[in-house]
There are 2 protein chains.
Amino acid sequence: MSDDHDESTLGRIETEVALLMRFGEATRRATGTAEHRVLDRAAYVILRHLADAGPQNVSALAARLNLDGSTVTRQVSALQRDGLITRTPDPSDGRGTVISPTPAGLQRMAAVQAARTRLYGDMLADWSPEDRSTLAALLGRLNQALINRNRPR
Amino acid sequence: MSDDHDESTLGRIETEVALLMRFGEATRRATGTAEHRVLDRAAYVILRHLADAGPQNVSALAARLNLDGSTVTRQVSALQRDGLITRTPDPSDGRGTVISPTPAGLQRMAAVQAARTRLYGDMLADWSPEDRSTLAALLGRLNQALINRNRPR
DNA sequence: ATAAGTACCTGTACGATACAGCTATCTGAG
DNA sequence: CTCAGATAGCTGTATCGTACAGGTACTTAT
């Protein structure tokens with residue numbers, strides 16, 4: 001309350017994030033239903049994370065993606081059905097199952113990623129490189145802040 | 001491909017937006033379930049829009065929020081059940097129903113909005129005012145770009 | 001005055017998610 | 001070594017947000 005200007009900045013951020021989520025979801029719905037169809041939101045993040053961080057257990061994925069284990073189990077089952085990941089017993093823990101992306105999975109993920117990147121390229125066509133990288137950096141910091149807040153456990 | 005640096009910036013933006021949506025949803029789920037409970041995502045945006053743009057018809061809301069009419073109908077029913085909006089026959093169109101926020105609805109919305117804003121204030125506590133307002137501005141531009149892309153109809 | 005369009009509602013379906021409970025396995029204390 | 005408790009993953013069930021299809025009441029244009 002000391003600084004009304006900053007207060008309203010927070011309000012704007014809140015508004016814009018809410019808006020972004022609405023539009024992001026609408027976009028995902030629209031484009032997702034259209035054709036790709038096979039990579040729903042969670043499936044995409046799962047594949048991305050596997051590609052990024054390597055094969056890992058269901059629980060590791062769940063923890064990382066802030067999802068319930070059962071959710072990941074089902075997503076992973078769907079991905080396996082579609083041949084995009086494989087399950088192998090964890091050699092170091094008989095309870096565990098290691099999830100690895102298949103080449104097809106990686107390729108599918110990369111295709112979606114490329115399409116999305118292209119979309120952003122389109123939308124941000126008239127942005128300066130500085131603005132783009134500033135946005136990327138600030139979003140990164142925002143997410144970091146979110147993570148820090150949600151998981152000081 | 002002319003500029004590898006910029007290409008990767010787009011990738012980062014794509015990544016961060018995806019992450020933001022995941023965390024945003026998780027946060028909404030967590031905080032929403034906690035206590036307020038009554039303002040799910042759509043309900044919140046509906047109330048916000050009503051507060052912003054005044055009482056209006058279901059279809060106007062649906063169009064504006066990029067939602068199916070039936071979805072808005074149900075959300076509105078829930079809001080009415082909770083006493084947060086009222087339905088009145090549209091005097092100028094016997095088919096229509098005008099949705100107005102009740103004082104309680106406005107208050108609830110404002111409370112959630114304030115809570116969210118506070119949350120952002122918390123998370124961004126160590127950000128400089130410049131970074132905050134840059135983030136707000138860039139998010140605004142990003143949303144504008146999204147809107148422009150989704151609705152050149 | 002009647003056909004076409006529109007606004008809203010309802011039935012139904014689906015997808016993503018969570019929570020609770022189950023089984024198999026692991027780990028540590030005795 | 002044994003067994004109690006923790007953990008990994010799966011399955012059953014429930015909920016929520018959403019869409020599409022169809023119905024009814026009203027409006028508009030001809």
# chains A, B, ... in the order shown; residues from 1 in each chain; ligands from 1
call {"tool": "residues_around", "arguments": {"residues": "D:DA14", "least_positions_apart": "5", "cutoff": "12 Å", "atoms": "only C-alpha atoms (C1' of nucleotides)", "output": "list in words"}}
result
DT17, DA18, DC19 and DA20 of chain C
call {"tool": "residues_around", "arguments": {"residues": "A:Asp131", "least_positions_apart": "4", "cutoff": "8 Å", "atoms": "only C-alpha atoms (C1' of nucleotides)", "output": "ChimeraX atom specification"}}
result
/A:127,135 /B:138
call {"tool": "closest_residue", "arguments": {"among": "A:Ser77, A:Asn57, A:Asn143, A:Ser100", "to": "chain B", "atoms": "only C-alpha atoms"}}
result
A:Asn143
call {"tool": "interface_residues", "arguments": {"of": "chain A", "to": "chain B", "cutoff": "9 Å", "atoms": "only C-alpha atoms", "output": "compact mmCIF listing (two decimals) with all heavy atoms, in the first residue's frame"}}
result
# COMPACT_ATOMS: atom_id res chain seq x y z
N ASP A 6 2.96 0.32 -7.79
CA ASP A 6 3.41 -1.07 -7.80
C ASP A 6 2.26 -2.03 -7.52
O ASP A 6 2.20 -3.10 -8.08
CB ASP A 6 4.53 -1.24 -6.76
CG ASP A 6 5.34 -2.47 -7.09
OD1 ASP A 6 5.72 -2.61 -8.27
OD2 ASP A 6 5.57 -3.28 -6.18
N GLU A 7 1.37 -1.59 -6.67
CA GLU A 7 0.18 -2.39 -6.40
C GLU A 7 -0.57 -2.67 -7.70
O GLU A 7 -0.95 -3.81 -7.98
CB GLU A 7 -0.73 -1.61 -5.44
CG GLU A 7 -2.10 -2.22 -5.25
CD GLU A 7 -2.14 -3.11 -4.03
OE1 GLU A 7 -1.08 -3.33 -3.40
OE2 GLU A 7 -3.21 -3.57 -3.70
N THR A 9 0.65 -2.64 -10.58
CA THR A 9 1.47 -3.51 -11.43
C THR A 9 1.21 -4.97 -11.08
O THR A 9 1.04 -5.81 -11.97
CB THR A 9 2.97 -3.21 -11.22
OG1 THR A 9 3.22 -1.86 -11.57
CG2 THR A 9 3.81 -4.11 -12.08
N LEU A 10 1.14 -5.26 -9.82
CA LEU A 10 0.83 -6.63 -9.40
C LEU A 10 -0.54 -7.05 -9.94
O LEU A 10 -0.71 -8.16 -10.42
CB LEU A 10 0.85 -6.73 -7.88
CG LEU A 10 2.24 -6.67 -7.25
CD1 LEU A 10 2.14 -6.68 -5.74
CD2 LEU A 10 3.10 -7.83 -7.74
N GLY A 11 -1.48 -6.14 -9.84
CA GLY A 11 -2.79 -6.42 -10.38
C GLY A 11 -2.74 -6.73 -11.86
O GLY A 11 -3.39 -7.66 -12.33
N ARG A 12 -1.95 -5.98 -12.55
CA ARG A 12 -1.82 -6.22 -14.00
C ARG A 12 -1.20 -7.58 -14.26
O ARG A 12 -1.63 -8.32 -15.15
CB ARG A 12 -0.98 -5.13 -14.65
CG ARG A 12 -1.80 -3.93 -15.09
CD ARG A 12 -0.90 -2.82 -15.61
NE ARG A 12 -0.19 -3.17 -16.83
CZ ARG A 12 1.02 -2.71 -17.14
NH1 ARG A 12 1.67 -1.91 -16.30
NH2 ARG A 12 1.60 -3.05 -18.26
N ILE A 13 -0.19 -7.89 -13.48
CA ILE A 13 0.45 -9.19 -13.67
C ILE A 13 -0.58 -10.30 -13.43
O ILE A 13 -0.71 -11.24 -14.22
CB ILE A 13 1.66 -9.35 -12.73
CG1 ILE A 13 2.78 -8.40 -13.16
CG2 ILE A 13 2.16 -10.80 -12.74
CD1 ILE A 13 4.00 -8.44 -12.26
N GLU A 14 -1.32 -10.12 -12.35
CA GLU A 14 -2.35 -11.13 -12.04
C GLU A 14 -3.31 -11.27 -13.22
O GLU A 14 -3.61 -12.37 -13.67
CB GLU A 14 -3.08 -10.70 -10.77
CG GLU A 14 -3.95 -11.78 -10.17
CD GLU A 14 -5.38 -11.70 -10.64
OE1 GLU A 14 -5.87 -10.60 -10.93
OE2 GLU A 14 -6.01 -12.76 -10.73
N THR A 15 -3.78 -10.15 -13.70
CA THR A 15 -4.71 -10.17 -14.82
C THR A 15 -4.11 -10.85 -16.04
O THR A 15 -4.74 -11.71 -16.66
CB THR A 15 -5.09 -8.72 -15.22
OG1 THR A 15 -5.63 -8.07 -14.08
CG2 THR A 15 -6.08 -8.74 -16.35
N GLU A 16 -2.90 -10.47 -16.35
CA GLU A 16 -2.30 -10.98 -17.58
C GLU A 16 -2.03 -12.48 -17.49
O GLU A 16 -2.21 -13.21 -18.46
CB GLU A 16 -0.99 -10.24 -17.88
CG GLU A 16 -1.17 -8.73 -18.11
CD GLU A 16 -2.01 -8.40 -19.32
OE1 GLU A 16 -2.33 -9.29 -20.11
OE2 GLU A 16 -2.37 -7.21 -19.47
N VAL A 17 -1.63 -12.91 -16.32
CA VAL A 17 -1.40 -14.35 -16.17
C VAL A 17 -2.70 -15.11 -16.32
O VAL A 17 -2.78 -16.12 -17.02
CB VAL A 17 -0.73 -14.68 -14.82
CG1 VAL A 17 -0.70 -16.18 -14.58
CG2 VAL A 17 0.68 -14.13 -14.78
N ALA A 18 -3.76 -14.58 -15.70
CA ALA A 18 -5.07 -15.23 -15.82
C ALA A 18 -5.48 -15.30 -17.28
O ALA A 18 -5.91 -16.33 -17.79
CB ALA A 18 -6.11 -14.48 -15.00
N LEU A 19 -5.30 -14.18 -17.96
CA LEU A 19 -5.65 -14.12 -19.38
C LEU A 19 -4.85 -15.14 -20.17
O LEU A 19 -5.38 -15.87 -21.01
CB LEU A 19 -5.34 -12.73 -19.91
CG LEU A 19 -6.52 -11.87 -20.31
CD1 LEU A 19 -6.03 -10.54 -20.85
CD2 LEU A 19 -7.36 -12.58 -21.37
N LEU A 20 -3.56 -15.15 -19.89
CA LEU A 20 -2.68 -16.05 -20.63
C LEU A 20 -3.13 -17.49 -20.45
O LEU A 20 -3.16 -18.26 -21.41
CB LEU A 20 -1.24 -15.87 -20.13
CG LEU A 20 -0.20 -16.74 -20.81
CD1 LEU A 20 -0.14 -16.43 -22.30
CD2 LEU A 20 1.18 -16.53 -20.18
N MET A 21 -3.52 -17.82 -19.24
CA MET A 21 -3.95 -19.19 -19.00
C MET A 21 -5.22 -19.50 -19.77
O MET A 21 -5.36 -20.56 -20.36
CB MET A 21 -4.13 -19.43 -17.51
CG MET A 21 -2.85 -19.17 -16.74
SD MET A 21 -2.40 -20.52 -15.66
CE MET A 21 -3.80 -20.50 -14.58
N ARG A 22 -6.14 -18.55 -19.76
CA ARG A 22 -7.37 -18.79 -20.51
C ARG A 22 -7.07 -19.00 -21.99
O ARG A 22 -7.52 -19.94 -22.60
CB ARG A 22 -8.31 -17.59 -20.39
CG ARG A 22 -9.13 -17.56 -19.14
CD ARG A 22 -10.61 -17.37 -19.45
NE ARG A 22 -11.10 -18.37 -20.37
CZ ARG A 22 -11.35 -19.61 -20.04
NH1 ARG A 22 -11.15 -20.03 -18.82
NH2 ARG A 22 -11.78 -20.46 -20.93
N PHE A 23 -6.28 -18.11 -22.54
CA PHE A 23 -6.03 -18.22 -23.97
C PHE A 23 -5.19 -19.42 -24.30
O PHE A 23 -5.39 -20.09 -25.32
CB PHE A 23 -5.37 -16.95 -24.49
CG PHE A 23 -6.39 -15.92 -24.87
CD1 PHE A 23 -6.61 -14.82 -24.08
CD2 PHE A 23 -7.14 -16.09 -26.02
CE1 PHE A 23 -7.58 -13.90 -24.41
CE2 PHE A 23 -8.11 -15.17 -26.35
CZ PHE A 23 -8.32 -14.06 -25.55
N GLY A 24 -4.24 -19.68 -23.43
CA GLY A 24 -3.41 -20.85 -23.66
C GLY A 24 -4.26 -22.10 -23.71
O GLY A 24 -4.09 -22.94 -24.61
N GLU A 25 -5.19 -22.18 -22.81
CA GLU A 25 -6.02 -23.37 -22.78
C GLU A 25 -6.92 -23.44 -24.00
O GLU A 25 -7.07 -24.50 -24.61
CB GLU A 25 -6.86 -23.37 -21.50
CG GLU A 25 -7.24 -24.76 -21.10
CD GLU A 25 -7.51 -24.83 -19.62
OE1 GLU A 25 -6.67 -24.38 -18.82
OE2 GLU A 25 -8.58 -25.32 -19.27
N ALA A 26 -7.49 -22.32 -24.34
CA ALA A 26 -8.35 -22.29 -25.52
C ALA A 26 -7.55 -22.70 -26.76
O ALA A 26 -8.01 -23.48 -27.58
CB ALA A 26 -8.94 -20.89 -25.70
N THR A 27 -6.33 -22.18 -26.84
CA THR A 27 -5.50 -22.50 -27.98
C THR A 27 -5.19 -23.99 -28.02
O THR A 27 -5.33 -24.65 -29.05
CB THR A 27 -4.17 -21.72 -27.92
OG1 THR A 27 -4.46 -20.34 -27.92
CG2 THR A 27 -3.29 -22.07 -29.10
N ARG A 41 -1.93 -31.87 -23.00
CA ARG A 41 -1.02 -31.07 -22.21
C ARG A 41 -0.04 -31.91 -21.39
O ARG A 41 1.16 -31.79 -21.52
CB ARG A 41 -1.84 -30.18 -21.29
CG ARG A 41 -1.03 -29.36 -20.32
CD ARG A 41 -2.00 -28.62 -19.45
NE ARG A 41 -3.23 -29.46 -19.30
CZ ARG A 41 -4.36 -29.03 -18.85
NH1 ARG A 41 -4.49 -27.78 -18.52
NH2 ARG A 41 -5.39 -29.85 -18.72
N ALA A 42 -0.58 -32.76 -20.55
CA ALA A 42 0.29 -33.51 -19.65
C ALA A 42 1.23 -34.42 -20.43
O ALA A 42 2.41 -34.53 -20.11
CB ALA A 42 -0.53 -34.30 -18.65
N VAL A 45 4.16 -32.41 -21.67
CA VAL A 45 5.15 -32.07 -20.63
C VAL A 45 5.91 -33.30 -20.17
O VAL A 45 7.09 -33.22 -19.88
CB VAL A 45 4.52 -31.37 -19.41
CG1 VAL A 45 4.96 -29.94 -19.36
CG2 VAL A 45 3.04 -31.48 -19.39
N LEU A 65 6.35 -32.72 -12.00
CA LEU A 65 5.31 -32.05 -12.77
C LEU A 65 4.14 -31.62 -11.89
O LEU A 65 3.13 -31.14 -12.38
CB LEU A 65 4.80 -32.97 -13.88
CG LEU A 65 5.88 -33.47 -14.84
CD1 LEU A 65 5.29 -34.42 -15.84
CD2 LEU A 65 6.54 -32.29 -15.53
N ASN A 66 4.31 -31.86 -10.59
CA ASN A 66 3.26 -31.42 -9.68
C ASN A 66 1.95 -32.13 -9.95
O ASN A 66 0.88 -31.52 -9.92
CB ASN A 66 3.05 -29.92 -9.84
CG ASN A 66 3.27 -29.21 -8.53
OD1 ASN A 66 3.02 -29.77 -7.47
ND2 ASN A 66 3.74 -28.00 -8.61
N LEU A 67 2.06 -33.41 -10.23
CA LEU A 67 0.86 -34.19 -10.52
C LEU A 67 0.78 -35.36 -9.56
O LEU A 67 1.80 -35.81 -9.03
CB LEU A 67 0.91 -34.73 -11.96
CG LEU A 67 0.75 -33.70 -13.06
CD1 LEU A 67 0.99 -34.35 -14.41
CD2 LEU A 67 -0.63 -33.08 -13.00
N GLN A 113 6.63 -29.39 -30.29
CA GLN A 113 7.45 -28.30 -29.78
C GLN A 113 7.79 -27.32 -30.90
O GLN A 113 7.69 -26.10 -30.74
CB GLN A 113 8.72 -28.87 -29.17
CG GLN A 113 9.59 -27.82 -28.50
CD GLN A 113 10.78 -28.45 -27.80
OE1 GLN A 113 11.17 -29.58 -28.10
NE2 GLN A 113 11.36 -27.73 -26.86
N ALA A 114 8.16 -27.88 -32.04
CA ALA A 114 8.51 -27.02 -33.17
C ALA A 114 7.31 -26.21 -33.61
O ALA A 114 7.42 -25.01 -33.89
CB ALA A 114 9.03 -27.88 -34.33
N ARG A 116 4.82 -25.29 -31.82
CA ARG A 116 4.55 -24.24 -30.84
C ARG A 116 5.57 -23.12 -30.96
O ARG A 116 5.21 -21.94 -30.89
CB ARG A 116 4.63 -24.81 -29.43
CG ARG A 116 3.48 -25.73 -29.10
CD ARG A 116 3.46 -25.94 -27.62
NE ARG A 116 2.42 -26.88 -27.23
CZ ARG A 116 2.07 -27.09 -25.97
NH1 ARG A 116 2.69 -26.44 -25.01
NH2 ARG A 116 1.13 -27.95 -25.67
N THR A 117 6.81 -23.51 -31.14
CA THR A 117 7.84 -22.49 -31.27
C THR A 117 7.56 -21.63 -32.49
O THR A 117 7.69 -20.40 -32.45
CB THR A 117 9.22 -23.16 -31.38
OG1 THR A 117 9.45 -23.95 -30.23
CG2 THR A 117 10.31 -22.11 -31.49
N ARG A 118 7.14 -22.28 -33.56
CA ARG A 118 6.81 -21.54 -34.77
C ARG A 118 5.67 -20.57 -34.49
O ARG A 118 5.69 -19.41 -34.90
CB ARG A 118 6.43 -22.51 -35.88
CG ARG A 118 6.96 -22.10 -37.25
CD ARG A 118 6.56 -23.11 -38.31
NE ARG A 118 6.85 -24.49 -37.95
CZ ARG A 118 5.93 -25.44 -37.78
NH1 ARG A 118 4.65 -25.18 -37.97
NH2 ARG A 118 6.28 -26.66 -37.44
N TYR A 120 4.91 -19.19 -31.70
CA TYR A 120 5.41 -18.03 -30.96
C TYR A 120 6.21 -17.11 -31.89
O TYR A 120 6.12 -15.89 -31.79
CB TYR A 120 6.26 -18.47 -29.77
CG TYR A 120 5.41 -18.89 -28.60
CD1 TYR A 120 5.26 -20.23 -28.28
CD2 TYR A 120 4.75 -17.94 -27.83
CE1 TYR A 120 4.46 -20.62 -27.22
CE2 TYR A 120 3.95 -18.33 -26.77
CZ TYR A 120 3.81 -19.67 -26.47
OH TYR A 120 3.02 -20.05 -25.43
N GLY A 121 6.97 -17.73 -32.77
CA GLY A 121 7.73 -16.92 -33.71
C GLY A 121 6.82 -16.03 -34.54
O GLY A 121 7.08 -14.85 -34.77
N ASP A 122 5.71 -16.63 -34.94
CA ASP A 122 4.70 -15.88 -35.69
C ASP A 122 4.16 -14.72 -34.88
O ASP A 122 4.12 -13.57 -35.32
CB ASP A 122 3.51 -16.80 -36.00
CG ASP A 122 3.60 -17.37 -37.38
OD1 ASP A 122 4.74 -17.43 -37.90
OD2 ASP A 122 2.57 -17.75 -37.93
N MET A 123 3.73 -15.07 -33.68
CA MET A 123 3.06 -14.07 -32.86
C MET A 123 3.99 -12.95 -32.46
O MET A 123 3.60 -11.79 -32.35
CB MET A 123 2.49 -14.74 -31.61
CG MET A 123 1.34 -15.65 -31.90
SD MET A 123 0.51 -16.13 -30.38
CE MET A 123 1.89 -16.62 -29.35
N LEU A 124 5.24 -13.32 -32.23
CA LEU A 124 6.19 -12.33 -31.75
C LEU A 124 7.06 -11.79 -32.88
O LEU A 124 8.17 -11.32 -32.66
CB LEU A 124 7.07 -12.94 -30.65
CG LEU A 124 6.29 -13.63 -29.54
CD1 LEU A 124 7.23 -14.09 -28.45
CD2 LEU A 124 5.21 -12.73 -28.97
N PRO A 129 14.48 -8.65 -30.59
CA PRO A 129 15.17 -9.76 -29.91
C PRO A 129 15.35 -9.48 -28.42
O PRO A 129 15.23 -10.40 -27.61
CB PRO A 129 16.52 -9.82 -30.61
CG PRO A 129 16.28 -9.24 -31.95
CD PRO A 129 15.20 -8.20 -31.78
N ASP A 131 13.35 -7.73 -26.46
CA ASP A 131 12.09 -7.95 -25.76
C ASP A 131 11.82 -9.43 -25.61
O ASP A 131 11.34 -9.89 -24.58
CB ASP A 131 10.96 -7.26 -26.51
CG ASP A 131 10.96 -5.76 -26.28
OD1 ASP A 131 11.75 -5.30 -25.43
OD2 ASP A 131 10.18 -5.05 -26.95
N ARG A 132 12.10 -10.18 -26.64
CA ARG A 132 11.87 -11.61 -26.56
C ARG A 132 12.70 -12.23 -25.44
O ARG A 132 12.19 -13.00 -24.63
CB ARG A 132 12.26 -12.30 -27.87
CG ARG A 132 11.37 -11.95 -29.02
CD ARG A 132 11.84 -12.69 -30.24
NE ARG A 132 11.05 -12.34 -31.42
CZ ARG A 132 11.03 -13.08 -32.51
NH1 ARG A 132 11.76 -14.17 -32.59
NH2 ARG A 132 10.30 -12.70 -33.54
N SER A 133 13.95 -11.88 -25.42
CA SER A 133 14.76 -12.56 -24.42
C SER A 133 14.45 -12.03 -23.03
O SER A 133 14.55 -12.77 -22.05
CB SER A 133 16.25 -12.52 -24.77
OG SER A 133 16.76 -11.24 -24.55
N THR A 134 14.02 -10.79 -22.96
CA THR A 134 13.58 -10.29 -21.65
C THR A 134 12.35 -11.06 -21.19
O THR A 134 12.26 -11.48 -20.03
CB THR A 134 13.23 -8.79 -21.74
OG1 THR A 134 14.37 -8.08 -22.22
CG2 THR A 134 12.86 -8.26 -20.36
N LEU A 135 11.42 -11.26 -22.10
CA LEU A 135 10.22 -12.02 -21.73
C LEU A 135 10.60 -13.41 -21.26
O LEU A 135 10.13 -13.88 -20.22
CB LEU A 135 9.26 -12.11 -22.92
CG LEU A 135 8.02 -12.97 -22.68
CD1 LEU A 135 7.15 -12.38 -21.59
CD2 LEU A 135 7.19 -13.14 -23.96
N ALA A 136 11.45 -14.06 -22.02
CA ALA A 136 11.87 -15.41 -21.64
C ALA A 136 12.49 -15.40 -20.25
O ALA A 136 12.16 -16.23 -19.39
CB ALA A 136 12.86 -15.97 -22.66
N ALA A 137 13.34 -14.44 -20.01
CA ALA A 137 14.03 -14.40 -18.72
C ALA A 137 13.06 -14.13 -17.59
O ALA A 137 13.10 -14.79 -16.54
CB ALA A 137 15.11 -13.32 -18.76
N LEU A 138 12.15 -13.17 -17.80
CA LEU A 138 11.23 -12.83 -16.72
C LEU A 138 10.25 -13.98 -16.45
O LEU A 138 9.92 -14.26 -15.29
CB LEU A 138 10.48 -11.54 -17.05
CG LEU A 138 11.35 -10.27 -17.02
CD1 LEU A 138 10.52 -9.05 -17.38
CD2 LEU A 138 12.00 -10.09 -15.66
N LEU A 139 9.81 -14.63 -17.52
CA LEU A 139 8.93 -15.78 -17.31
C LEU A 139 9.67 -16.85 -16.53
O LEU A 139 9.11 -17.49 -15.63
CB LEU A 139 8.45 -16.34 -18.65
CG LEU A 139 7.33 -15.60 -19.34
CD1 LEU A 139 6.99 -16.25 -20.67
CD2 LEU A 139 6.09 -15.58 -18.46
N GLY A 140 10.92 -17.03 -16.87
CA GLY A 140 11.72 -18.00 -16.13
C GLY A 140 11.78 -17.65 -14.66
O GLY A 140 11.59 -18.52 -13.80
N LEU A 142 9.68 -15.83 -13.03
CA LEU A 142 8.34 -15.98 -12.46
C LEU A 142 8.08 -17.43 -12.10
O LEU A 142 7.59 -17.75 -11.01
CB LEU A 142 7.30 -15.48 -13.45
CG LEU A 142 5.84 -15.64 -13.04
CD1 LEU A 142 5.54 -14.86 -11.77
CD2 LEU A 142 4.90 -15.18 -14.15
N ASN A 143 8.42 -18.31 -13.00
CA ASN A 143 8.22 -19.73 -12.72
C ASN A 143 9.06 -20.18 -11.55
O ASN A 143 8.60 -20.97 -10.72
CB ASN A 143 8.55 -20.56 -13.96
CG ASN A 143 7.42 -20.53 -14.97
OD1 ASN A 143 6.27 -20.55 -14.59
ND2 ASN A 143 7.77 -20.48 -16.24
N ALA A 145 9.93 -18.40 -9.11
CA ALA A 145 9.26 -17.88 -7.91
C ALA A 145 8.07 -18.76 -7.54
O ALA A 145 7.84 -19.06 -6.38
CB ALA A 145 8.80 -16.44 -8.16
N LEU A 146 7.34 -19.19 -8.56
CA LEU A 146 6.19 -20.06 -8.32
C LEU A 146 6.64 -21.37 -7.69
O LEU A 146 6.05 -21.87 -6.73
CB LEU A 146 5.48 -20.36 -9.64
CG LEU A 146 4.25 -19.53 -9.95
CD1 LEU A 146 3.88 -19.65 -11.41
CD2 LEU A 146 3.09 -20.01 -9.10
N ILE A 147 7.70 -21.93 -8.26
CA ILE A 147 8.20 -23.19 -7.74
C ILE A 147 8.64 -23.02 -6.30
O ILE A 147 8.29 -23.82 -5.43
CB ILE A 147 9.38 -23.69 -8.60
CG1 ILE A 147 8.87 -24.13 -9.97
CG2 ILE A 147 10.10 -24.84 -7.91
CD1 ILE A 147 9.95 -24.38 -10.98
N ASN A 148 9.36 -21.97 -6.05
CA ASN A 148 9.84 -21.74 -4.69
C ASN A 148 8.70 -21.60 -3.70
O ASN A 148 8.77 -22.04 -2.57
CB ASN A 148 10.72 -20.50 -4.63
CG ASN A 148 12.04 -20.71 -5.34
OD1 ASN A 148 12.44 -21.84 -5.56
ND2 ASN A 148 12.69 -19.63 -5.72
N ARG A 149 7.63 -20.98 -4.19
CA ARG A 149 6.52 -20.78 -3.27
C ARG A 149 5.76 -22.08 -3.03
O ARG A 149 5.33 -22.37 -1.92
CB ARG A 149 5.55 -19.75 -3.85
CG ARG A 149 4.28 -19.63 -3.05
CD ARG A 149 3.76 -18.23 -3.10
NE ARG A 149 3.64 -17.67 -1.77
CZ ARG A 149 2.65 -17.98 -0.92
NH1 ARG A 149 1.77 -18.89 -1.22
NH2 ARG A 149 2.57 -17.39 0.25
N ASN A 150 5.60 -22.87 -4.09
CA ASN A 150 4.81 -24.09 -3.96
C ASN A 150 5.55 -25.22 -3.27
O ASN A 150 4.94 -26.17 -2.84
CB ASN A 150 4.36 -24.57 -5.33
CG ASN A 150 3.14 -23.80 -5.80
OD1 ASN A 150 2.59 -23.03 -5.03
ND2 ASN A 150 2.74 -24.01 -7.04
call {"tool": "interface_residues", "arguments": {"of": "chain B", "to": "chain D", "cutoff": "7 Å", "atoms": "only C-alpha atoms (C1' of nucleotides)", "output": "PyMOL selection string"}}
result
chain B and resi 68+71+94-95
call {"tool": "write_last_selection", "arguments": {"atoms": "N, CA and C atoms", "output": "PDB file, in the first residue's frame"}}
result
ATOM      1  N   ASP B  68     -18.000 -22.368 -24.539  1.00  0.00           N
ATOM      2  CA  ASP B  68     -19.270 -22.792 -25.081  1.00  0.00           C
ATOM      3  C   ASP B  68     -20.404 -22.208 -24.237  1.00  0.00           C
ATOM      4  N   THR B  71     -21.389 -24.269 -21.272  1.00  0.00           N
ATOM      5  CA  THR B  71     -20.453 -24.162 -20.157  1.00  0.00           C
ATOM      6  C   THR B  71     -20.785 -22.947 -19.309  1.00  0.00           C
ATOM      7  N   GLY B  94     -36.773 -11.376 -25.122  1.00  0.00           N
ATOM      8  CA  GLY B  94     -37.413 -12.379 -24.288  1.00  0.00           C
ATOM      9  C   GLY B  94     -36.652 -13.673 -24.172  1.00  0.00           C
ATOM     10  N   ARG B  95     -35.725 -13.919 -25.112  1.00  0.00           N
ATOM     11  CA  ARG B  95     -34.948 -15.154 -25.027  1.00  0.00           C
ATOM     12  C   ARG B  95     -33.798 -15.004 -24.051  1.00  0.00           C
TER      13      ARG B  95
END
